[in-house]
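Worksheet for the structure shown next.
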Amino acid sequence: MGYAEVCVNSPIARRRTFSYSIPPSLKIEAGQAVWVPFGARVLQGVVLQLTDSPAVEETKGIAGIIDVHPVLSPRQVDLAYWLSDYYQAPLYDTVALMLPPGFDRQAQTFLSPKIPDDFDSSRLSPEEERTLKMVQGRDKTSLKALEKKLGKGKAQNLANRLVRRGLLLKTHDLEPVRVKPKTTLYVSMAVSLAKAREASAGLRLKRARKQAAVLDFIAGQSKPMTLAEVRQQTGCTGMQINALVHEGLVAMQPVVVRHDPLAHHTTVPSFPLPLTPAQEAALKTLASGLPKSAGKGASRVFLLHGVTGSGKTEIYLQALAEAVRRGEKGIVLVPEIALTPQTIERFASRFPGKVAVIHSRLSPGERFDEWQRIRDGEFDVVIGARSALFAPQPDLGLIVIDEEHEWNYKQADQSPHYHARTVAIKLAELSGAAVVLGSATPDVETYYRAQKADYQLVELPERVTPFANSPLPRVDVVDMRDELKAGNTGLFSRPLFRAIGAALDSGEQAILFLNRRGASTFVQCRRCGLVLRCRRCDVALTYHSSQDALVCHQCNYRAPAPRVCPRCQNRRIKFLGTGTEKLEEETALAFPRARLLRWDSDTTRTKGSHEAILDSFRRHEADILIGTQMVSKGLDLPQVTLVGVINADTGLNLPDFRAGERTFQLLTQVAGRAGRGPRGGQVIIQTYNPEHYAIKAAAKHDYQLFYEKESAFRRQFNEPPFCRMAALTYSATNDQRCREEAERMKHMLLQEMESRGVSNIDVLGPAPAFISRRRGRYRWQLFLRGDDPASLLARVPIPQGWTIDVDPLGLS
């Protein structure tokens with residue numbers, strides 16, 4: 001008998017597999033989805049290994065196969081194990097990243113009567129007899145149906161008693177498939193045209209004129225038509241068509257119809273653009289790392305560091321084309337759904353019909369069909385957000401991560417807390433592929449690795465546009481303290497106000513950037529000082545004027561905007577702070593003739609909204625685009641000549657060692673949206689901290705200056721990349737319990753370190769999280785800092801309630 005190590009879909013499974021025997025009737029492969037008994041339930045699982053002997057003495061048998069084809073490849077099985085070890089994540093969570101859309105289904109329990117003819121029901125209790133009658137007369141009854149009538153515990157107890165008596169048979173099956181291939185009925189002729197004419201004449205003699213007309217219509221078509229089209233164009237009923245099918249005159253056949261996310265795109269094929277000498281050198285270097293070119297020991301990870309507008313996307317396209325020419329395929333990651341439409345447009349025109357799209361705004365049917373077609377090898381390139389990395393792309397030769405510095409590549413909201421960049425490098429190692437990390441403002445840790453020659457640095461120092469080389473835009477920094485001294489208390493400094501007016505007078509476009517949404521960031525009573533806060537989170541509520549409501553940006557709690565203070569009943573309510581809604585209102589007042597567009601998460605809640613806003617602005621249907629960080633990311637807008645940063649300080653003073661880096665990246669990226677056309681560009685940054693090194697470096701487009709300052713600070717305080725970190729967060733509805741549990745965990749970690757003689761790891765905390773309460777749960781944190789904190793965590797049993805984040809993005 002063989003055995004299988006199965007990863008089970010249960011929270012108590014954590015990071016281990018379970019041994020199951022393989023019944024002789026089943027043929028099992030590694031990577032196959034199965035259902036297995038787990039305690040009193042039957043759960044989904046995935047076979048990760050086949051073995052000759054089990055890890056435990058007593059094993060249960062695999063209950064059945066979910067899919068005869070493996071859902072994971074050997075490469076994906078290895079990646080799932082690595083993800084679980086590296087990020088200290090439950091094994092099924094890492095496996096689930098790679099499973100087909102709609103795979104996750106619960107097993108249902110069914111009961112079937114098995115009552116002998118001579119059975120004496122008087123031996124049953126009244127409750128058992130009543131339960132048996134509920135099941136009789138049907139082939140099978142779901143246990144859930146019994147639970148609704150009898151209660152959960154009682155129904156399970158009675159069902160188990162009747163099963164032990166041999167009166168009921170318990171079976172298990174998965175709940176219905178949520179997502180499956182879409183089929184459409186097509187109608188075509190089943191006989192020759194001569195036979196059809198003869199049949200049509202016979203129908204008319206029988207006065208079945210409508211059937212005859214439908215038959216004539218179908219016979220006159222050159223190809224099969226959908227049932228819906230036939231009914232629409234002939235006005236017939238389903239009964240009339242079914243009569244023709246019954247007579248053998250017409251055939252009706254279901255045909256699988258693919259959901260195509262790009263069906264509404266009009267793709268015009270494009271051709272490679274001529275490259276500058278710097279681009280040619282960069283492409284040659286990247287091509288040398290492709291699987292069939294790289295020699296033994298050659299670097300397979302490249303950092304493509306190019307200033308904004310230096311033509312990095314063209315390098316990606318031509319490197320992918322070279323990989324495809326060699327019989328390999330690629331994956332391209334973008335950090336935001338907002339970037340996907342413009343990226344798709346360029347890649348789809350270069351690889352017509354060979355580009356797949358994966359992101360969260362696709363419908364379940366679209367995701368299912370894209371996944372199936374990717375697995376079947378129909379696409380040369382897969383494009384999407386971080387989840388696209390786990391698409392089953394065969395023959396993988398190249399992974400491109402555009403804007404590799406972006407925080408969106410880190411999955412922060414659920415387990416596993418992976419970073420797409422780190423996982424891409426491991427996936428490339430398992431696949432023998434190359435990785436290109438592209439950015440104008442690389443992550444400090446990435447650039448550090450390039451300086452150490454762990455990655456190969458490839459640089460594009462000059463901006464390139466269709467109008468030949470275009471200089472980077474001039475950046476002016478405005479000290480808002482001077483504006484206040486001059487009596488200007490508005491949102492716009494005098495230089496920015498004049499620059500917007502000049503751009504509008506010249507028929508040009510402008511972008512105004514403010515990384516805060518809503519109208520007012522907090523609401524305060526000017527009499528008693530009360531700041532209105534969320535009931536469930538330790539944050540102030542933001543006022544949204546478009547909804548006339550207060551909104552929590554953590555849990556989405558909403559409350560009506562107050563007219564009086566809820567504590568002192570005074571009417572001196574003040575709406576303070578500024579977000580994109582207020583900026584839009586102020587811009588409309590200052591420039592009444594300007595056409596405005598706002599681009600933030602409030603205006604992009606519906607499918608296609610990102611694309612609609614971007615297309616509208618590109619068609620110059622608006623003069624000024626107002627937005628949050630969405631407007632800073634990789635957009636190519638040649639008519640934009642002015643970018644105004646309303647407040648450069650919004651994230652500068654957060655209690656996080658990456659605050660300076662984040663500010664520099666945002667300012668440099670949003671500045672890069674200006675001056676991509678023939679008229680050049682200008683950037684105006686408004687700040688109360690003009691001497692800060694991040695702002696000074698951004699104003700000079702000088703990454704090297706920023707890196708030297710930032711890395712010096714990090715080295716001094718032993719922060720990444722000079723160490724590694726892990727964050728442990730405990731959450732509960734009671735603050736005191738959180739604190740005690742955090743203290744207990746710290747004591748446990750220190751004991752483990754002492755027993756093993758570990759001296760190169762620091763334990764920081766415990767302390768409340770930056771947002772100490774979220775969604776009604778208090779949060780306390782510990783941070784481990786050292787050479788390899790994850791190895792310490794692997795040795796310590798982590799109780800339920802703790803969240804582990806290896807390589808966290810910050811301390812908040």
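Chain labels run A, B, ... following the order of the structure tokens; each chain numbers its residues from 1, and ligands are numbered from 1 in the order shown.
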
For this session: Name all residues at most 9 Å from range 75-80 of chain A (count only C-alpha atoms; drop same-chain ones fewer than 4 positions away) and give them as a ChimeraX atom specification.
Result: /A:30-31,48-49,84-85,91-98,390,392,423,426-427,430-431

Export, as an mmCIF file, in the first residue's frame, the selected residues with N, CA and C atoms.
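To be explicit, this is the file written out as result12.cif:
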data_model
loop_
_atom_site.group_PDB
_atom_site.id
_atom_site.type_symbol
_atom_site.label_atom_id
_atom_site.label_comp_id
_atom_site.auth_asym_id
_atom_site.auth_seq_id
_atom_site.Cartn_x
_atom_site.Cartn_y
_atom_site.Cartn_z
ATOM 1 N N ALA A 30 1.233 13.144 -7.145
ATOM 2 C CA ALA A 30 1.598 14.351 -6.404
ATOM 3 C C ALA A 30 1.013 15.564 -7.125
ATOM 4 N N GLY A 31 0.469 16.495 -6.361
ATOM 5 C CA GLY A 31 -0.161 17.677 -6.937
ATOM 6 C C GLY A 31 -1.646 17.520 -7.177
ATOM 7 N N LEU A 48 0.950 16.404 -1.687
ATOM 8 C CA LEU A 48 2.234 17.054 -1.963
ATOM 9 C C LEU A 48 3.363 16.049 -2.167
ATOM 10 N N GLN A 49 3.225 14.852 -1.566
ATOM 11 C CA GLN A 49 4.262 13.829 -1.725
ATOM 12 C C GLN A 49 3.630 12.446 -1.700
ATOM 13 N N SER A 84 5.920 28.397 2.738
ATOM 14 C CA SER A 84 5.522 28.084 4.101
ATOM 15 C C SER A 84 6.703 28.199 5.054
ATOM 16 N N ASP A 85 7.878 27.717 4.632
ATOM 17 C CA ASP A 85 9.070 27.778 5.488
ATOM 18 C C ASP A 85 9.570 29.214 5.632
ATOM 19 N N LEU A 91 0.645 25.825 5.579
ATOM 20 C CA LEU A 91 0.980 25.232 4.285
ATOM 21 C C LEU A 91 -0.165 25.341 3.290
ATOM 22 N N TYR A 92 -1.404 25.143 3.754
ATOM 23 C CA TYR A 92 -2.518 25.216 2.803
ATOM 24 C C TYR A 92 -2.689 26.639 2.272
ATOM 25 N N ASP A 93 -2.370 27.647 3.087
ATOM 26 C CA ASP A 93 -2.452 29.033 2.606
ATOM 27 C C ASP A 93 -1.516 29.253 1.423
ATOM 28 N N THR A 94 -0.344 28.663 1.472
ATOM 29 C CA THR A 94 0.610 28.843 0.368
ATOM 30 C C THR A 94 0.182 28.029 -0.846
ATOM 31 N N VAL A 95 -0.378 26.843 -0.608
ATOM 32 C CA VAL A 95 -0.889 26.027 -1.723
ATOM 33 C C VAL A 95 -2.052 26.747 -2.405
ATOM 34 N N ALA A 96 -2.920 27.364 -1.603
ATOM 35 C CA ALA A 96 -4.120 28.009 -2.146
ATOM 36 C C ALA A 96 -3.793 29.124 -3.128
ATOM 37 N N LEU A 97 -2.614 29.737 -3.013
ATOM 38 C CA LEU A 97 -2.218 30.792 -3.958
ATOM 39 C C LEU A 97 -2.197 30.290 -5.394
ATOM 40 N N MET A 98 -1.962 28.980 -5.573
ATOM 41 C CA MET A 98 -1.749 28.430 -6.909
ATOM 42 C C MET A 98 -2.906 27.578 -7.418
ATOM 43 N N PHE A 390 1.476 33.507 -9.614
ATOM 44 C CA PHE A 390 1.174 32.103 -9.341
ATOM 45 C C PHE A 390 0.362 31.457 -10.462
ATOM 46 N N PRO A 392 -0.300 29.309 -13.735
ATOM 47 C CA PRO A 392 0.417 28.090 -14.149
ATOM 48 C C PRO A 392 1.064 28.242 -15.525
ATOM 49 N N VAL A 423 9.352 36.196 -3.890
ATOM 50 C CA VAL A 423 8.806 34.938 -4.410
ATOM 51 C C VAL A 423 9.184 34.762 -5.884
ATOM 52 N N LYS A 426 12.601 33.317 -6.166
ATOM 53 C CA LYS A 426 12.604 31.885 -5.868
ATOM 54 C C LYS A 426 11.964 31.085 -6.993
ATOM 55 N N LEU A 427 10.855 31.573 -7.544
ATOM 56 C CA LEU A 427 10.201 30.890 -8.662
ATOM 57 C C LEU A 427 11.138 30.797 -9.857
ATOM 58 N N LEU A 430 13.587 28.038 -9.282
ATOM 59 C CA LEU A 430 13.001 26.712 -9.503
ATOM 60 C C LEU A 430 12.738 26.433 -10.975
ATOM 61 N N SER A 431 12.481 27.510 -11.753
ATOM 62 C CA SER A 431 12.122 27.350 -13.169
ATOM 63 C C SER A 431 13.308 27.503 -14.106
#

Problem set entry | Residues flagged strand (DSSP E) by DSSP in range 306-510 of chain A, as a ChimeraX atom specification | /A:306,329-333,355-358,381-384,396-402,434-439,456-460,464-465,468-469,474-479,509-510

Selection to disk with C-alpha atoms, as a compact mmCIF listing (two decimals), in the first residue's frame:
# COMPACT_ATOMS: atom_id res chain seq x y z
CA GLY A 306 16.20 53.82 -15.32
CA LYS A 329 7.07 32.40 -21.92
CA GLY A 330 6.87 35.30 -19.51
CA ILE A 331 5.03 36.85 -16.57
CA VAL A 332 4.81 40.64 -16.13
CA LEU A 333 3.75 42.09 -12.78
CA VAL A 355 -1.59 38.09 -23.63
CA ALA A 356 -3.51 36.88 -20.56
CA VAL A 357 -4.70 39.15 -17.79
CA ILE A 358 -4.97 38.26 -14.08
CA VAL A 381 2.72 36.63 -21.67
CA VAL A 382 0.68 36.83 -18.45
CA ILE A 383 0.14 40.35 -17.07
CA GLY A 384 -1.34 41.26 -13.72
CA LEU A 396 8.65 30.07 -17.91
CA GLY A 397 11.72 31.96 -19.11
CA LEU A 398 11.33 35.56 -17.91
CA ILE A 399 9.62 37.33 -15.00
CA VAL A 400 9.36 41.12 -15.14
CA ILE A 401 8.41 43.16 -12.05
CA ASP A 402 7.66 46.72 -13.10
CA ALA A 434 15.50 35.22 -15.42
CA VAL A 435 14.04 38.08 -13.35
CA VAL A 436 14.02 41.77 -14.30
CA LEU A 437 13.30 44.25 -11.49
CA GLY A 438 12.52 47.62 -13.03
CA SER A 439 12.26 50.99 -11.28
CA GLN A 456 23.24 42.63 -11.89
CA LEU A 457 22.72 46.39 -12.18
CA VAL A 458 21.62 47.71 -15.58
CA GLU A 459 21.17 51.48 -15.88
CA LEU A 460 19.25 53.79 -18.21
CA VAL A 464 13.61 58.86 -23.98
CA THR A 465 10.35 59.97 -25.62
CA ALA A 468 13.87 62.24 -29.03
CA ASN A 469 15.66 62.64 -25.75
CA ARG A 474 12.53 71.06 -13.56
CA VAL A 475 11.48 70.72 -9.91
CA ASP A 476 10.82 73.74 -7.70
CA VAL A 477 10.38 73.31 -3.95
CA VAL A 478 8.07 75.81 -2.23
CA ASP A 479 8.49 76.37 1.50
CA GLN A 509 -2.71 69.40 -18.79
CA ALA A 510 -1.75 69.28 -15.13

Exercise. If you count only C-alpha atoms, which residues fall within 9 Å of range 184-187 of chain A, apart from same-chain ones fewer than 3 positions away, as a ChimeraX atom specification?
Worked result: /A:218,224-228,230,250-257

Would you write out, as CSV, a table of all residues in range 246-352 of chain A that have an atom no more than 9 Å from an atom of range 366-380 of chain A, listing for each the closest atom pair and the distance in Å to one decimal, considering only C-alpha atoms and ordering rows by chain and rising residue number?
residue,atom,partner,partner_atom,distance
A:Arg258,CA,A:Asp369,CA,6.2
A:His259,CA,A:Glu366,CA,5.0
A:Asp260,CA,A:Glu366,CA,6.5
A:Pro261,CA,A:Glu366,CA,6.4
A:Leu320,CA,A:Asp380,CA,8.6
A:Val324,CA,A:Asp380,CA,6.7
A:Glu328,CA,A:Asp380,CA,7.7
A:Lys329,CA,A:Asp380,CA,4.9
A:Gly330,CA,A:Asp380,CA,6.3
A:Ile331,CA,A:Asp380,CA,8.5
A:Phe351,CA,A:Asp380,CA,7.7

Include C-alpha atoms and write out the residues we just selected as a tab-separated table (two decimals), in the first residue's frame.
chain	number	residue	atom	x	y	z
A	258	ARG	CA	-14.48	31.59	-23.25
A	259	HIS	CA	-14.70	34.74	-21.18
A	260	ASP	CA	-12.20	37.15	-22.73
A	261	PRO	CA	-11.23	40.13	-20.55
A	320	LEU	CA	10.01	39.07	-23.78
A	324	VAL	CA	9.29	33.86	-26.93
A	328	GLU	CA	9.88	30.43	-23.54
A	329	LYS	CA	7.07	32.40	-21.92
A	330	GLY	CA	6.87	35.30	-19.51
A	331	ILE	CA	5.03	36.85	-16.57
A	351	PHE	CA	1.85	40.10	-28.76

Exercise. If we count only C-alpha atoms, what is near Ser121 in chain A at a cut-off of 12 Å, once residues fewer than 6 positions away on the same chain are taken out, given as number ranges by chain?
Worked result: A: 115, 127-133, 162, 165, 167

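For the set A:Gln232, A:Gln665, A:Gln569, A:Gln44, the residue with the smallest atom-to-atom gap to Asp443 in chain A is A:Gln665, counting only C-alpha atoms.
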
Exercise. Residues of range 65-208 of chain A in helix (DSSP H, G or I) according to DSSP, as a ChimeraX atom specification?
Worked result: /A:74-87,91-96,121-123,126-135,143-150,152-164,193-205

Exercise. Within 12 Å of range 153-155 of chain A, counting only C-alpha atoms, which residues qualify if same-chain residues fewer than 3 places away don't, as an NGL selection string?
Worked result: :A and (109 or 111 or 127-128 or 130-132 or 134-135 or 142-150 or 158-162)

Shell of 9 Å around Glu710 in chain A, only C-alpha atoms, local chain residues under 4 positions omitted, as a compact mmCIF listing (two decimals) with C-alpha atoms, in the first residue's frame:
# COMPACT_ATOMS: atom_id res chain seq x y z
CA VAL A 444 16.86 50.39 -0.86
CA GLY A 660 11.83 58.83 4.07
CA GLU A 661 12.16 56.20 1.35
CA TYR A 693 17.12 64.81 2.45
CA ALA A 694 14.30 62.84 0.75
CA LEU A 705 22.15 61.06 -3.14
CA PHE A 706 19.06 59.64 -1.47
CA ARG A 714 19.88 52.29 8.26
CA ARG A 715 23.40 51.03 8.90
